[in-house]
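K.L.:
Structure file model.cif (mmCIF, C-alpha atoms and all ligand atoms) right here:
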data_my_file
#
loop_
_atom_site.label_atom_id
_atom_site.label_comp_id
_atom_site.auth_asym_id
_atom_site.auth_seq_id
_atom_site.Cartn_x
_atom_site.Cartn_y
_atom_site.Cartn_z
CA MET C 44 105.96 76.34 64.79
CA TYR C 45 105.12 79.74 66.30
CA LYS C 46 105.37 79.87 70.07
CA PRO C 47 103.27 82.55 71.81
CA THR C 48 105.30 84.87 74.06
CA ALA C 49 104.19 85.58 77.62
CA ILE C 50 105.57 88.13 80.06
CA VAL C 51 105.22 87.26 83.76
CA THR C 52 105.80 90.25 86.04
CA GLY C 53 106.85 89.00 89.48
CA GLY C 54 108.17 85.92 87.66
CA ALA C 55 110.88 85.28 90.27
CA GLY C 56 108.31 85.09 93.07
CA PHE C 57 106.51 82.09 94.53
CA LEU C 58 103.48 82.02 92.21
CA GLY C 59 105.16 83.77 89.26
CA SER C 60 107.89 81.13 89.06
CA HIS C 61 105.35 78.27 89.05
CA LEU C 62 103.46 80.10 86.28
CA CYS C 63 106.67 80.38 84.23
CA ASP C 64 107.09 76.59 84.57
CA LYS C 65 103.49 76.00 83.49
CA LEU C 66 103.63 78.35 80.49
CA LEU C 67 106.89 76.80 79.25
CA LEU C 68 105.30 73.36 79.61
CA GLU C 69 102.35 74.58 77.52
CA GLY C 70 104.72 75.60 74.70
CA PHE C 71 105.10 79.33 75.39
CA LYS C 72 108.17 81.53 75.31
CA VAL C 73 108.39 83.23 78.71
CA ILE C 74 109.98 86.49 79.82
CA ALA C 75 110.04 86.93 83.60
CA VAL C 76 110.30 90.56 84.75
CA ASP C 77 111.10 91.09 88.42
CA ASN C 78 113.05 93.52 90.63
CA LEU C 79 113.71 90.76 93.23
CA LEU C 80 112.12 92.81 96.05
CA THR C 81 110.54 89.71 97.64
CA GLY C 82 111.40 87.11 94.99
CA SER C 83 114.60 85.21 94.31
CA LEU C 84 116.56 83.94 91.32
CA ASN C 85 116.63 80.56 93.12
CA ASN C 86 112.94 80.18 92.19
CA ILE C 87 113.78 80.24 88.47
CA SER C 88 117.30 78.76 88.53
CA ASN C 89 115.82 75.61 86.92
CA LEU C 90 114.90 77.72 83.88
CA PHE C 91 118.21 79.37 83.09
CA GLY C 92 119.56 77.55 80.06
CA ASN C 93 116.07 76.98 78.66
CA GLU C 94 116.14 78.73 75.25
CA ASN C 95 112.47 79.71 75.59
CA PHE C 96 113.02 81.52 78.89
CA SER C 97 114.58 84.85 79.69
CA PHE C 98 114.77 87.07 82.76
CA VAL C 99 114.74 90.86 82.93
CA LYS C 100 115.59 92.56 86.23
CA HIS C 101 113.31 95.60 86.26
CA ASP C 102 110.99 97.53 88.57
CA VAL C 103 107.65 97.51 86.73
CA THR C 104 106.54 100.78 88.32
CA ASN C 105 108.87 102.32 85.70
CA TYR C 106 108.28 102.21 81.92
CA ILE C 107 108.63 98.62 80.70
CA PHE C 108 110.48 98.20 77.41
CA ILE C 109 110.33 94.75 75.81
CA PRO C 110 111.19 94.49 72.10
CA GLY C 111 109.31 92.19 69.71
CA ARG C 112 105.96 90.47 69.74
CA VAL C 113 104.22 89.77 73.06
CA ASP C 114 100.96 87.80 73.18
CA PHE C 115 100.21 87.56 76.91
CA ILE C 116 101.09 89.60 80.01
CA LEU C 117 100.48 88.08 83.44
CA HIS C 118 100.87 90.77 86.09
CA PHE C 119 101.95 89.08 89.33
CA ALA C 120 104.46 91.60 90.68
CA SER C 121 103.52 92.69 94.22
CA PRO C 122 104.56 91.94 97.77
CA ALA C 123 101.91 89.42 98.86
CA SER C 124 102.29 88.33 102.48
CA PRO C 125 101.10 90.60 105.31
CA ILE C 126 104.69 90.81 106.64
CA ASP C 127 106.00 91.82 103.21
CA TYR C 128 103.41 94.45 102.42
CA LEU C 129 103.69 95.98 105.88
CA LYS C 130 107.46 96.16 105.39
CA PHE C 131 107.07 97.66 101.88
CA PRO C 132 103.82 99.68 102.07
CA ILE C 133 104.71 102.31 99.46
CA GLN C 134 106.24 99.78 97.05
CA THR C 135 103.03 97.74 97.41
CA LEU C 136 100.82 100.72 96.58
CA LYS C 137 103.10 101.68 93.69
CA VAL C 138 103.29 98.24 92.08
CA GLY C 139 99.51 97.79 92.35
CA SER C 140 98.83 101.21 90.82
CA LEU C 141 101.79 102.45 88.73
CA GLY C 142 103.01 98.91 88.00
CA THR C 143 99.58 97.79 86.81
CA HIS C 144 99.36 100.96 84.68
CA LYS C 145 102.71 100.22 83.02
CA ALA C 146 101.85 96.55 82.46
CA LEU C 147 98.46 97.48 80.95
CA GLY C 148 100.15 100.11 78.78
CA LEU C 149 102.49 97.43 77.47
CA ALA C 150 99.52 95.12 76.80
CA LYS C 151 97.78 97.91 74.84
CA GLU C 152 100.92 98.64 72.80
CA LYS C 153 101.57 94.96 72.03
CA LYS C 154 97.87 94.03 71.60
CA ALA C 155 98.53 91.33 74.17
CA ARG C 156 96.02 89.62 76.45
CA PHE C 157 96.50 90.84 80.05
CA LEU C 158 95.81 88.86 83.24
CA LEU C 159 95.82 90.58 86.64
CA ALA C 160 96.69 88.64 89.81
CA SER C 161 94.12 90.02 92.22
CA THR C 162 93.31 88.62 95.63
CA SER C 163 90.63 87.55 98.09
CA GLU C 164 91.82 90.60 100.08
CA VAL C 165 89.57 92.73 97.85
CA TYR C 166 86.74 91.25 99.95
CA GLY C 167 88.44 92.56 103.13
CA ASP C 168 86.91 91.26 106.38
CA PRO C 169 83.90 89.82 104.56
CA SER C 170 80.29 89.99 105.68
CA ILE C 171 79.26 87.48 103.00
CA HIS C 172 80.46 83.90 103.44
CA PRO C 173 81.71 82.14 101.36
CA GLN C 174 82.84 84.96 99.08
CA SER C 175 81.47 85.06 95.54
CA GLU C 176 82.65 87.39 92.80
CA ASP C 177 79.57 89.64 93.01
CA TYR C 178 80.41 90.65 96.61
CA TRP C 179 82.00 94.13 96.74
CA GLY C 180 83.88 93.64 99.98
CA ASN C 181 84.43 95.26 103.36
CA VAL C 182 87.86 96.91 103.30
CA ASN C 183 89.35 99.45 105.71
CA PRO C 184 91.20 101.80 103.33
CA ILE C 185 93.31 103.45 106.05
CA GLY C 186 94.26 100.37 108.09
CA PRO C 187 97.67 98.70 107.70
CA ARG C 188 96.29 96.15 105.20
CA GLY C 189 94.79 98.99 103.12
CA VAL C 190 98.09 99.41 101.23
CA TYR C 191 97.60 95.97 99.68
CA ASP C 192 93.82 95.70 99.52
CA GLU C 193 93.24 99.13 97.98
CA ALA C 194 96.14 98.74 95.55
CA LYS C 195 94.55 95.53 94.27
CA ARG C 196 91.09 97.10 94.13
CA PHE C 197 92.55 100.00 92.12
CA ALA C 198 94.36 97.48 89.89
CA GLU C 199 91.05 95.73 89.17
CA ALA C 200 89.37 99.08 88.36
CA LEU C 201 92.24 100.07 86.06
CA THR C 202 92.14 96.69 84.31
CA MET C 203 88.41 97.02 83.65
CA ALA C 204 88.93 100.61 82.42
CA TYR C 205 91.63 99.50 79.95
CA ASN C 206 89.24 96.79 78.79
CA ARG C 207 86.29 99.15 78.36
CA TYR C 208 88.04 102.26 77.05
CA HIS C 209 91.11 100.92 75.26
CA GLY C 210 89.73 97.53 74.20
CA VAL C 211 92.56 95.63 75.92
CA ASP C 212 91.69 91.94 76.26
CA THR C 213 91.82 91.41 80.03
CA ARG C 214 91.32 88.72 82.69
CA ILE C 215 91.22 89.07 86.50
CA VAL C 216 91.90 86.21 88.88
CA ARG C 217 91.07 86.60 92.58
CA ILE C 218 93.54 84.29 94.26
CA PHE C 219 92.77 82.81 97.69
CA ASN C 220 95.54 81.69 100.12
CA THR C 221 97.88 79.46 98.14
CA TYR C 222 100.83 77.40 99.37
CA GLY C 223 103.51 75.05 98.11
CA PRO C 224 107.23 74.73 97.42
CA ARG C 225 109.15 78.04 96.86
CA MET C 226 107.24 79.89 99.56
CA ARG C 227 109.73 81.68 101.78
CA LEU C 228 110.03 80.25 105.29
CA ASP C 229 110.27 83.81 106.63
CA ASP C 230 107.40 85.46 104.73
CA GLY C 231 105.29 85.46 107.90
CA ARG C 232 102.29 83.69 106.40
CA ALA C 233 100.60 81.12 108.63
CA LEU C 234 101.70 78.06 106.70
CA PRO C 235 105.47 78.65 106.47
CA ALA C 236 105.43 80.14 109.98
CA PHE C 237 103.78 77.06 111.53
CA VAL C 238 105.76 74.52 109.52
CA GLY C 239 109.07 76.30 110.25
CA GLN C 240 108.24 76.51 113.96
CA ALA C 241 107.14 72.86 114.11
CA LEU C 242 110.29 71.63 112.34
CA ARG C 243 112.57 73.75 114.55
CA GLY C 244 110.80 72.63 117.74
CA GLU C 245 109.58 76.18 118.52
CA ASP C 246 106.14 77.24 119.78
CA LEU C 247 103.52 77.74 117.04
CA THR C 248 102.33 81.37 117.15
CA VAL C 249 98.56 81.43 116.59
CA PHE C 250 97.33 85.03 116.33
CA GLY C 251 94.19 85.80 118.36
CA ASP C 252 92.22 82.78 119.59
CA GLY C 253 92.71 80.99 116.26
CA SER C 254 88.98 80.93 115.47
CA GLN C 255 89.52 82.90 112.24
CA THR C 256 89.28 80.69 109.14
CA ARG C 257 91.22 80.36 105.89
CA SER C 258 90.98 77.96 102.93
CA PHE C 259 94.33 76.83 101.54
CA CYS C 260 94.91 75.96 97.87
CA TYR C 261 97.87 73.94 96.61
CA VAL C 262 99.95 75.79 94.02
CA SER C 263 99.55 73.31 91.12
CA ASP C 264 95.75 73.63 91.36
CA LEU C 265 95.99 77.42 91.36
CA VAL C 266 98.29 77.51 88.34
CA ASP C 267 95.98 75.16 86.40
CA GLY C 268 93.01 77.40 87.19
CA ILE C 269 94.89 80.53 86.14
CA PHE C 270 95.95 78.94 82.84
CA LYS C 271 92.35 77.94 82.12
CA LEU C 272 91.19 81.48 82.90
CA LEU C 273 93.89 82.92 80.62
CA MET C 274 92.62 80.75 77.77
CA SER C 275 88.93 81.52 78.47
CA ASN C 276 86.79 84.45 77.34
CA GLU C 277 85.83 85.63 80.84
CA ILE C 278 86.57 89.33 81.38
CA GLU C 279 85.13 89.74 84.88
CA PRO C 280 86.94 88.47 88.02
CA VAL C 281 87.04 84.75 88.79
CA ASN C 282 87.85 83.29 92.23
CA ILE C 283 90.47 80.54 92.24
CA GLY C 284 91.08 78.76 95.52
CA ASN C 285 90.31 75.62 97.48
CA PRO C 286 87.04 75.87 99.46
CA ALA C 287 88.26 73.44 102.19
CA GLU C 288 87.93 75.85 105.13
CA ILE C 289 89.71 75.39 108.47
CA THR C 290 90.23 77.51 111.60
CA ILE C 291 93.80 78.67 112.15
CA LYS C 292 93.88 76.82 115.49
CA GLN C 293 92.87 73.54 113.80
CA PHE C 294 95.40 74.25 111.08
CA ALA C 295 98.22 74.66 113.64
CA GLU C 296 97.15 71.34 115.22
CA GLU C 297 97.17 69.69 111.79
CA VAL C 298 100.73 70.94 111.12
CA LEU C 299 101.85 69.53 114.50
CA LYS C 300 100.27 66.17 113.67
CA ILE C 301 101.69 65.86 110.15
CA THR C 302 105.20 66.97 111.16
CA GLY C 303 105.10 64.79 114.30
CA SER C 304 106.39 67.81 116.23
CA SER C 305 106.05 68.09 120.01
CA SER C 306 105.96 71.91 119.85
CA LYS C 307 103.22 73.79 121.76
CA ILE C 308 100.70 76.30 120.43
CA ILE C 309 100.83 79.79 121.95
CA TYR C 310 98.29 82.55 121.39
CA THR C 311 99.46 86.08 120.57
CA GLU C 312 97.80 89.33 119.51
CA LEU C 313 95.54 89.32 116.45
CA PRO C 314 96.79 91.73 113.73
CA VAL C 315 94.58 94.76 112.92
CA ASP C 316 91.79 94.03 110.40
CA ASP C 317 92.68 90.32 110.17
CA PRO C 318 89.72 88.81 108.25
CA LYS C 319 87.62 86.58 110.54
CA VAL C 320 86.57 84.20 107.78
CA ARG C 321 87.68 83.41 104.24
CA GLN C 322 86.41 80.78 101.84
CA PRO C 323 86.08 81.02 98.06
CA ASN C 324 82.83 80.31 96.30
CA ILE C 325 84.23 78.61 93.17
CA GLU C 326 80.97 77.94 91.31
CA LYS C 327 81.98 80.40 88.58
CA ALA C 328 85.37 78.73 87.98
CA LYS C 329 83.67 75.32 87.95
CA THR C 330 81.02 76.40 85.44
CA ILE C 331 83.02 78.65 83.13
CA LEU C 332 86.45 77.01 83.29
CA GLY C 333 85.52 73.43 84.17
CA TRP C 334 88.10 73.80 86.96
CA SER C 335 88.12 72.62 90.56
CA PRO C 336 91.04 71.82 92.88
CA LEU C 337 92.41 68.27 92.95
CA VAL C 338 95.07 68.33 95.70
CA ASP C 339 93.78 68.07 99.27
CA ARG C 340 95.58 69.59 102.27
CA GLN C 341 96.94 66.27 103.49
CA LYS C 342 98.76 65.72 100.20
CA GLY C 343 99.74 69.35 99.53
CA LEU C 344 101.02 69.87 103.06
CA GLY C 345 103.06 66.67 102.83
CA ILE C 346 104.87 67.89 99.71
CA THR C 347 105.39 71.38 101.15
CA ILE C 348 106.72 70.10 104.48
CA GLU C 349 109.27 67.93 102.63
CA TYR C 350 110.36 71.07 100.72
CA PHE C 351 110.75 73.10 103.92
CA LYS C 352 112.67 70.26 105.64
CA LYS C 353 115.40 70.66 103.01
CA LYS C 354 115.49 74.42 103.64
CA ILE C 355 115.97 74.19 107.40
P1 LIG P 1 106.02 86.83 95.99
O1 LIG P 1 106.45 87.92 96.91
O2 LIG P 1 106.70 85.52 96.09
O3 LIG P 1 106.12 87.31 94.47
C1 LIG P 1 105.96 88.64 94.07
C2 LIG P 1 107.10 88.99 93.11
O4 LIG P 1 106.91 90.32 92.63
C3 LIG P 1 108.48 88.94 93.78
O5 LIG P 1 109.35 88.13 93.01
C4 LIG P 1 108.91 90.39 93.81
O6 LIG P 1 110.32 90.55 93.76
C5 LIG P 1 108.19 90.96 92.60
N1 LIG P 1 107.98 92.40 92.65
C6 LIG P 1 107.45 93.15 93.65
N2 LIG P 1 107.43 94.44 93.30
C7 LIG P 1 107.94 94.52 92.04
C8 LIG P 1 108.17 95.59 91.14
N3 LIG P 1 107.87 96.86 91.45
N4 LIG P 1 108.72 95.30 89.92
C9 LIG P 1 109.02 94.04 89.58
N5 LIG P 1 108.83 92.98 90.40
C10 LIG P 1 108.30 93.23 91.62
O7 LIG P 1 104.43 86.66 96.19
P2 LIG P 1 103.44 85.58 95.58
O8 LIG P 1 102.79 84.88 96.70
O9 LIG P 1 104.08 84.81 94.50
O10 LIG P 1 102.33 86.54 94.93
C11 LIG P 1 102.33 86.82 93.54
C12 LIG P 1 101.07 87.59 93.17
O11 LIG P 1 99.91 86.82 93.50
C13 LIG P 1 100.92 88.93 93.88
O12 LIG P 1 100.43 89.88 92.98
C14 LIG P 1 99.91 88.64 94.96
O13 LIG P 1 99.18 89.78 95.30
C15 LIG P 1 99.04 87.58 94.31
N6 LIG P 1 98.39 86.74 95.33
C16 LIG P 1 99.07 85.75 95.98
C17 LIG P 1 98.43 84.97 96.93
C18 LIG P 1 99.11 83.82 97.63
O14 LIG P 1 98.45 83.12 98.41
N7 LIG P 1 100.38 83.55 97.40
C19 LIG P 1 97.08 85.22 97.24
C20 LIG P 1 96.43 86.27 96.59
C21 LIG P 1 97.08 87.00 95.61
N1 LIG P 2 98.56 83.67 111.49
C1 LIG P 2 98.86 83.12 112.72
N2 LIG P 2 100.17 82.94 113.06
C2 LIG P 2 101.20 83.25 112.24
C3 LIG P 2 100.90 83.80 110.96
C4 LIG P 2 99.57 84.00 110.63
O1 LIG P 2 97.94 82.81 113.50
O2 LIG P 2 102.38 83.07 112.63
C5 LIG P 2 97.15 83.87 111.12
C6 LIG P 2 96.81 85.25 110.59
O3 LIG P 2 96.50 86.14 111.64
C7 LIG P 2 95.59 84.96 109.72
C8 LIG P 2 95.87 83.55 109.21
O4 LIG P 2 96.84 82.98 110.08
O5 LIG P 2 94.42 84.94 110.49
C9 LIG P 2 96.41 83.51 107.78
O6 LIG P 2 97.47 84.42 107.72
P1 LIG P 2 98.40 84.59 106.45
O7 LIG P 2 99.43 85.59 106.79
O8 LIG P 2 98.85 83.26 105.99
O9 LIG P 2 97.47 85.16 105.29
P2 LIG P 2 96.22 86.15 105.22
O10 LIG P 2 95.12 85.24 104.86
O11 LIG P 2 95.96 86.81 106.54
O12 LIG P 2 96.60 87.09 104.17
#
What does this structure look like when you write it as structure tokens?
P.N.:
Amino acid sequence: MYKPTAIVTGGAGFLGSHLCDKLLLEGFKVIAVDNLLTGSLNNISNLFGNENFSFVKHDVTNYIFIPGRVDFILHFASPASPIDYLKFPIQTLKVGSLGTHKALGLAKEKKARFLLASTSEVYGDPSIHPQSEDYWGNVNPIGPRGVYDEAKRFAEALTMAYNRYHGVDTRIVRIFNTYGPRMRLDDGRALPAFVGQALRGEDLTVFGDGSQTRSFCYVSDLVDGIFKLLMSNEIEPVNIGNPAEITIKQFAEEVLKITGSSSKIIYTELPVDDPKVRQPNIEKAKTILGWSPLVDRQKGLGITIEYFKKKI
């Protein structure tokens, strides 16, 4: 029986590797393409030896050559945590612009369906709450986060242009903060930072007064939503995330409680342009995809903390 072939750029990263697992489970052949800038072969070591999986080490800002038939391209390559994209600002801009251009060019050549991993960061520091897909955002183009936010906004514009002018079959997912096993302990994001600090008995570093909010989605829910979007007919962006909103201070307290840690919380400087609120409106995903998240924070955090315990 014919197996559709999917390319996952950024396939050795946190989300990309979970997507590879999901696509293989759904009966696809998968080619992960990654330059290992922020990803790791450890994330896909379970897949080496699987005859339907292959890995290509390549920087997707350069021409991508893949022989044979390709049915789907999921473009996930990009530094994604604030620490990573501040460390690699030019690479972030390049992979969002040149990398998206190369991946779309490959989709056009192969007549493959293309899915872009976009982000809630396109909404910037939002003045609409919760954020729905028709909100155009409030982004500072020249601030430190601009390298990521504007690259993703450009990537969305390029994806829509390839759809409209070249007839490429495209999808855009706007991903909200997602967590789970295979996150790096040192990627600087709130969840691995707090869990790592709690498990090591260090102070938890809450930035600002901790009144800013986020809404955390467990990775299996995200991957299910993305797969449903890939299989749907929706061209315009769809939010995927868990609407359970929490302040960062409450979140730090929750991590202390679940880990049973006696660490303290300390308050440090708030990063420039840190969004004050973030919560996905997921009505569109519910209606069009019949999707909503199933894993609550209590359960998802439990699994993730067990994963991090083994890493420390
Ligand atoms: P990650 O850093 O774990 O994965 C990104 C992968 O892309 C890494 O394996 C990295 O080596 C690879 N990469 C970077 N530049 C590349 C290049 N030029 N060529 C080839 N590979 C390259 O991050 P993640 O959290 O898995 O994020 C994956 C995608 O999802 C990103 O596009 C990110 O913007 C998006 N996203 C993630 C979240 C989240 O909460 N994790 C939220 C919103 C959007
Ligand atoms: N944050 C924090 N302490 C940390 C890391 C992050 O208080 O050690 C805050 C950060 O300022 C932001 C929130 O937690 O308000 C979520 O940050 P993260 O880096 O996870 O993702 P973001 O949503 O900002 O992209």
K.L.:
Within 6 Å of (95.5, 99.7, 93.2) (file coordinates; all atoms listed in the file), which protein or nucleic acid residues are there? I'd like them as a list in words.
P.N.:
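Within 6 Å of (95.5, 99.7, 93.2), the protein and nucleic acid residues are Gly139, Ser140, Glu193, Ala194, Lys195, Arg196, Phe197 and Ala198 of chain C.
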K.L.:
Which value, in Å to one decimal, gives the distance between atom O9 of ligand LIG 2 (chain P) and CA of Ile116 (chain C)?
P.N.:
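According to the coordinates, atom O9 of ligand LIG 2 (chain P) and CA of Ile116 (chain C) are separated by 25.9 Å.
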K.L.:
What does the distance between CA of Gln255 (chain C) and CA of Pro173 (chain C) come to in Å, to one decimal place?
P.N.:
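Spanning CA of Gln255 (chain C) to CA of Pro173 (chain C) is a straight-line distance of 13.4 Å.
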K.L.:
Which residue gives the smallest distance to ligand LIG 1 (chain P) among C:Asn105, C:Asn220, C:Asn285, C:Thr330, with only C-alpha atoms and all ligand atoms counted?
P.N.:
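Closest candidate: C:Asn220.
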K.L.:
Write out as a PyMOL selection string each polymer residue (protein, DNA or RNA) that has an atom no more than 6 Å from ligand LIG 2 (chain P), with all atoms listed in the file counted.
P.N.:
chain C and resi 124-125+220+231-234+236+248-250+255+291+313-314+317
K.L.:
Around the point (102.9, 70.7, 99.1) (coordinates from the file), which residues reach within 10 Å if we count only C-alpha atoms? Answer as JSON, numbers by chain.
P.N.:
{"C": [222, 223, 224, 225, 260, 261, 262, 263, 338, 339, 340, 341, 342, 343, 344, 345, 346, 347, 348, 349, 350, 351]}
